[in-house]
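Q: Once you've had a glance at the structure underneath, I'll fire off some questions.
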Amino acid sequence: MQQNGSSGPNGSNGSNGSGSDRQQQHQAARSFSPLLSGGGGASTRVRRFIQERRTLPLPLPRVMVVFSAAGEPDKPGDAMLSVPGCGSGSGSDCAAAEDFRKPASTTPSYTLTKPLRSSINTQEQEFPEVISLNVGGTYFTTRLSTLRRYEDTMLAAMFSGRHYIPRDAEGRYFIDRDGTHFGDILNFLREGELPHRDRVRAVHREAQYYALGPLLDSLEDTQPLTGEKVRQAFLDLMPYYRDNLERIVEIAKLRAMQKKARFAKLKICVYKEEMPITPYERPLFNSLRFERSDSESKLFEHHCEVDVSFGPWEAVADVYDLLHCIVSDLAERGITAEQQCIGVCDKHLINHYYCKRPIYEFKITWW
């Protein structure tokens, strides 16, 4: 019967050697993987090798771990153990090696039991009865109840204790806002006092910032805010009023830069009535409306040779009211404007009808 052994380098069988040689070859066969030897007795050698290995401390197997890409679902075979001596053709002889085959763990998942940042202390902040304020560098002192007088306001919310308010080096509560008119805000909170007419617009803007509804309602019922509402109602009837203002500024700036001059002049037509008048009619009848058909009205349509035209409109306010609005709105933008009437449009329309719309010269001074 053929002995267990491996083929020699000359191709002869190991059974022809001495007994000691056969013993050395037998021990050498045990130290190598049983799958390296050929022959029909492979199953017997594998079984004997596994039985002998069970009686000895087993070394750690080689492990090959294959990770799938992040975010891809786990698939069979993505992570596996490779045990020496066990292949796809081993059959039932690799049953003992299954004890070492364990699925490799993929990227570990962690469950956060605590938030990354410590929770903010929700305990309400306590304020003293007397509050020292630093509003944009201007100092004020008032009672806490004064700042909390009206609910649903910014000041009441700031000093409710639910929000953090920074302090300056002297310990005063700091509000990053211009404090020029904050005294008028405090006077209203203390006694309901309203500011002087010259400061109404500025205090109204501050009241909007602090969301002080009662003060806003009181200011809007006084001059000049009430008059501003009436003026805006009149200007809403004027088509393209804001666009014409922008055009005046652009033309005046371009002409001043071209001539390197300190001022620029423009011709502006301001008319209230659409229908023209005859040279035999007096200016007193400029407000009269003539009943004409649409076909007859087209005969009187034309554009005066001016830079900008305002009109017509249907309101009690006349041409001088509109001129005042133009000059005032330009002054709000820091532009100084002067106007004067330089005549009327003498364009002949049909028969004895002429335009007669008034023409005004505006002088825009830049410095």
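To be explicit about the labels: the chains of the structure tokens are called A, B, and onward in the order shown, and within each one the residues are counted from 1, while ligands get numbers from 1 in the order they are shown.
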Could you pull the residues within 6 Å of range 334-345 of chain A, counting only C-alpha atoms, minus those fewer than 4 positions along the same chain, as a ChimeraX atom specification?

A: /A:327,330,355-365

Q: As JSON, numbers by chain, please: the residues near Leu225 in chain A (cut-off 12 Å, only C-alpha atoms, same-chain neighbours under 2 positions excluded).

A: {"A": [197, 198, 199, 200, 201, 202, 203, 204, 205, 216, 217, 218, 219, 220, 221, 222, 223, 227, 228, 229, 230, 231, 232]}

Q: How would the residues just chosen look if you wrote them out with N, CA and C atoms as a PDB file, in the first residue's frame?

A:
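Saved the output as out.pdb:
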ATOM      1  N   ARG A 197     -43.221 118.084  16.504  1.00  0.00           N
ATOM      2  CA  ARG A 197     -43.505 117.816  15.097  1.00  0.00           C
ATOM      3  C   ARG A 197     -42.233 117.634  14.278  1.00  0.00           C
ATOM      4  N   ASP A 198     -41.167 118.324  14.630  1.00  0.00           N
ATOM      5  CA  ASP A 198     -39.920 118.212  13.876  1.00  0.00           C
ATOM      6  C   ASP A 198     -39.275 116.838  14.017  1.00  0.00           C
ATOM      7  N   ARG A 199     -39.625 116.116  15.085  1.00  0.00           N
ATOM      8  CA  ARG A 199     -39.008 114.807  15.329  1.00  0.00           C
ATOM      9  C   ARG A 199     -39.970 113.660  15.080  1.00  0.00           C
ATOM     10  N   VAL A 200     -41.147 113.937  14.579  1.00  0.00           N
ATOM     11  CA  VAL A 200     -42.161 112.890  14.426  1.00  0.00           C
ATOM     12  C   VAL A 200     -41.687 111.799  13.463  1.00  0.00           C
ATOM     13  N   ARG A 201     -41.143 112.192  12.318  1.00  0.00           N
ATOM     14  CA  ARG A 201     -40.722 111.189  11.333  1.00  0.00           C
ATOM     15  C   ARG A 201     -39.611 110.294  11.885  1.00  0.00           C
ATOM     16  N   ALA A 202     -38.626 110.909  12.553  1.00  0.00           N
ATOM     17  CA  ALA A 202     -37.510 110.124  13.092  1.00  0.00           C
ATOM     18  C   ALA A 202     -37.980 109.191  14.207  1.00  0.00           C
ATOM     19  N   VAL A 203     -38.838 109.695  15.099  1.00  0.00           N
ATOM     20  CA  VAL A 203     -39.340 108.848  16.179  1.00  0.00           C
ATOM     21  C   VAL A 203     -40.233 107.741  15.623  1.00  0.00           C
ATOM     22  N   HIS A 204     -40.930 108.015  14.548  1.00  0.00           N
ATOM     23  CA  HIS A 204     -41.764 106.989  13.919  1.00  0.00           C
ATOM     24  C   HIS A 204     -40.903 105.832  13.420  1.00  0.00           C
ATOM     25  N   ARG A 205     -39.743 106.138  12.852  1.00  0.00           N
ATOM     26  CA  ARG A 205     -38.840 105.066  12.419  1.00  0.00           C
ATOM     27  C   ARG A 205     -38.333 104.257  13.606  1.00  0.00           C
ATOM     28  N   LEU A 216     -46.883 104.054  17.400  1.00  0.00           N
ATOM     29  CA  LEU A 216     -47.089 104.181  15.956  1.00  0.00           C
ATOM     30  C   LEU A 216     -48.488 104.697  15.644  1.00  0.00           C
ATOM     31  N   ASP A 217     -49.476 104.165  16.345  1.00  0.00           N
ATOM     32  CA  ASP A 217     -50.852 104.620  16.101  1.00  0.00           C
ATOM     33  C   ASP A 217     -51.024 106.098  16.466  1.00  0.00           C
ATOM     34  N   SER A 218     -50.387 106.514  17.542  1.00  0.00           N
ATOM     35  CA  SER A 218     -50.525 107.913  17.958  1.00  0.00           C
ATOM     36  C   SER A 218     -49.813 108.849  16.991  1.00  0.00           C
ATOM     37  N   LEU A 219     -48.647 108.456  16.501  1.00  0.00           N
ATOM     38  CA  LEU A 219     -47.894 109.312  15.587  1.00  0.00           C
ATOM     39  C   LEU A 219     -48.570 109.438  14.228  1.00  0.00           C
ATOM     40  N   GLU A 220     -49.180 108.376  13.772  1.00  0.00           N
ATOM     41  CA  GLU A 220     -49.810 108.415  12.452  1.00  0.00           C
ATOM     42  C   GLU A 220     -51.057 109.289  12.423  1.00  0.00           C
ATOM     43  N   ASP A 221     -51.564 109.656  13.583  1.00  0.00           N
ATOM     44  CA  ASP A 221     -52.715 110.562  13.641  1.00  0.00           C
ATOM     45  C   ASP A 221     -52.305 112.018  13.816  1.00  0.00           C
ATOM     46  N   THR A 222     -51.008 112.308  13.738  1.00  0.00           N
ATOM     47  CA  THR A 222     -50.526 113.669  13.909  1.00  0.00           C
ATOM     48  C   THR A 222     -49.796 114.112  12.644  1.00  0.00           C
ATOM     49  N   GLN A 223     -49.568 115.413  12.569  1.00  0.00           N
ATOM     50  CA  GLN A 223     -48.761 115.958  11.477  1.00  0.00           C
ATOM     51  C   GLN A 223     -47.278 115.714  11.788  1.00  0.00           C
ATOM     52  N   GLY A 227     -50.627 114.333   7.024  1.00  0.00           N
ATOM     53  CA  GLY A 227     -50.530 115.000   5.739  1.00  0.00           C
ATOM     54  C   GLY A 227     -49.817 114.161   4.695  1.00  0.00           C
ATOM     55  N   GLU A 228     -48.877 113.343   5.139  1.00  0.00           N
ATOM     56  CA  GLU A 228     -48.185 112.471   4.192  1.00  0.00           C
ATOM     57  C   GLU A 228     -49.133 111.437   3.600  1.00  0.00           C
ATOM     58  N   LYS A 229     -50.073 110.951   4.390  1.00  0.00           N
ATOM     59  CA  LYS A 229     -51.057 110.010   3.862  1.00  0.00           C
ATOM     60  C   LYS A 229     -51.915 110.661   2.774  1.00  0.00           C
ATOM     61  N   VAL A 230     -52.325 111.904   3.034  1.00  0.00           N
ATOM     62  CA  VAL A 230     -53.137 112.607   2.044  1.00  0.00           C
ATOM     63  C   VAL A 230     -52.325 112.866   0.781  1.00  0.00           C
ATOM     64  N   ARG A 231     -51.074 113.250   0.945  1.00  0.00           N
ATOM     65  CA  ARG A 231     -50.223 113.519  -0.213  1.00  0.00           C
ATOM     66  C   ARG A 231     -49.998 112.266  -1.047  1.00  0.00           C
ATOM     67  N   GLN A 232     -49.768 111.140  -0.380  1.00  0.00           N
ATOM     68  CA  GLN A 232     -49.575 109.891  -1.115  1.00  0.00           C
ATOM     69  C   GLN A 232     -50.846 109.472  -1.844  1.00  0.00           C
TER      70      GLN A 232
END

Q: Quick one: residues within 8 Å of Phe310 in chain A, only C-alpha atoms, excluding same-chain residues fewer than 4 positions away - as a PyMOL selection string?

A: chain A and resi 238-239+241+244+268-271

Q: Could you tell me which of A:Asp243, A:Asp176, A:Glu206, A:Glu151 comes closest to Ser309 in chain A if we count only C-alpha atoms?

A: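 Using only C-alpha atoms, Ser309 in chain A sits closest to A:Asp243.
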
Q: Find, counting only C-alpha atoms, the residue in A:Ala233, A:Arg242, A:Thr180, A:Val306 that gets nearest to Lys267 in chain A.

A: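 Distance minimum relative to Lys267 in chain A lands on A:Val306.
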
Q: Could you name the residues that touch Glu332 in chain A at 12 Å or less, counting only C-alpha atoms, but leaving out those on the same chain fewer than 6 positions away, as a PyMOL selection string?

A: chain A and resi 245+325-326

Q: So how far away is CA of Ile165 in chain A from CA of Pro128 in chain A, in Å?

A: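 CA of Pro128 in chain A sits 13.5 Å away from CA of Ile165 in chain A.
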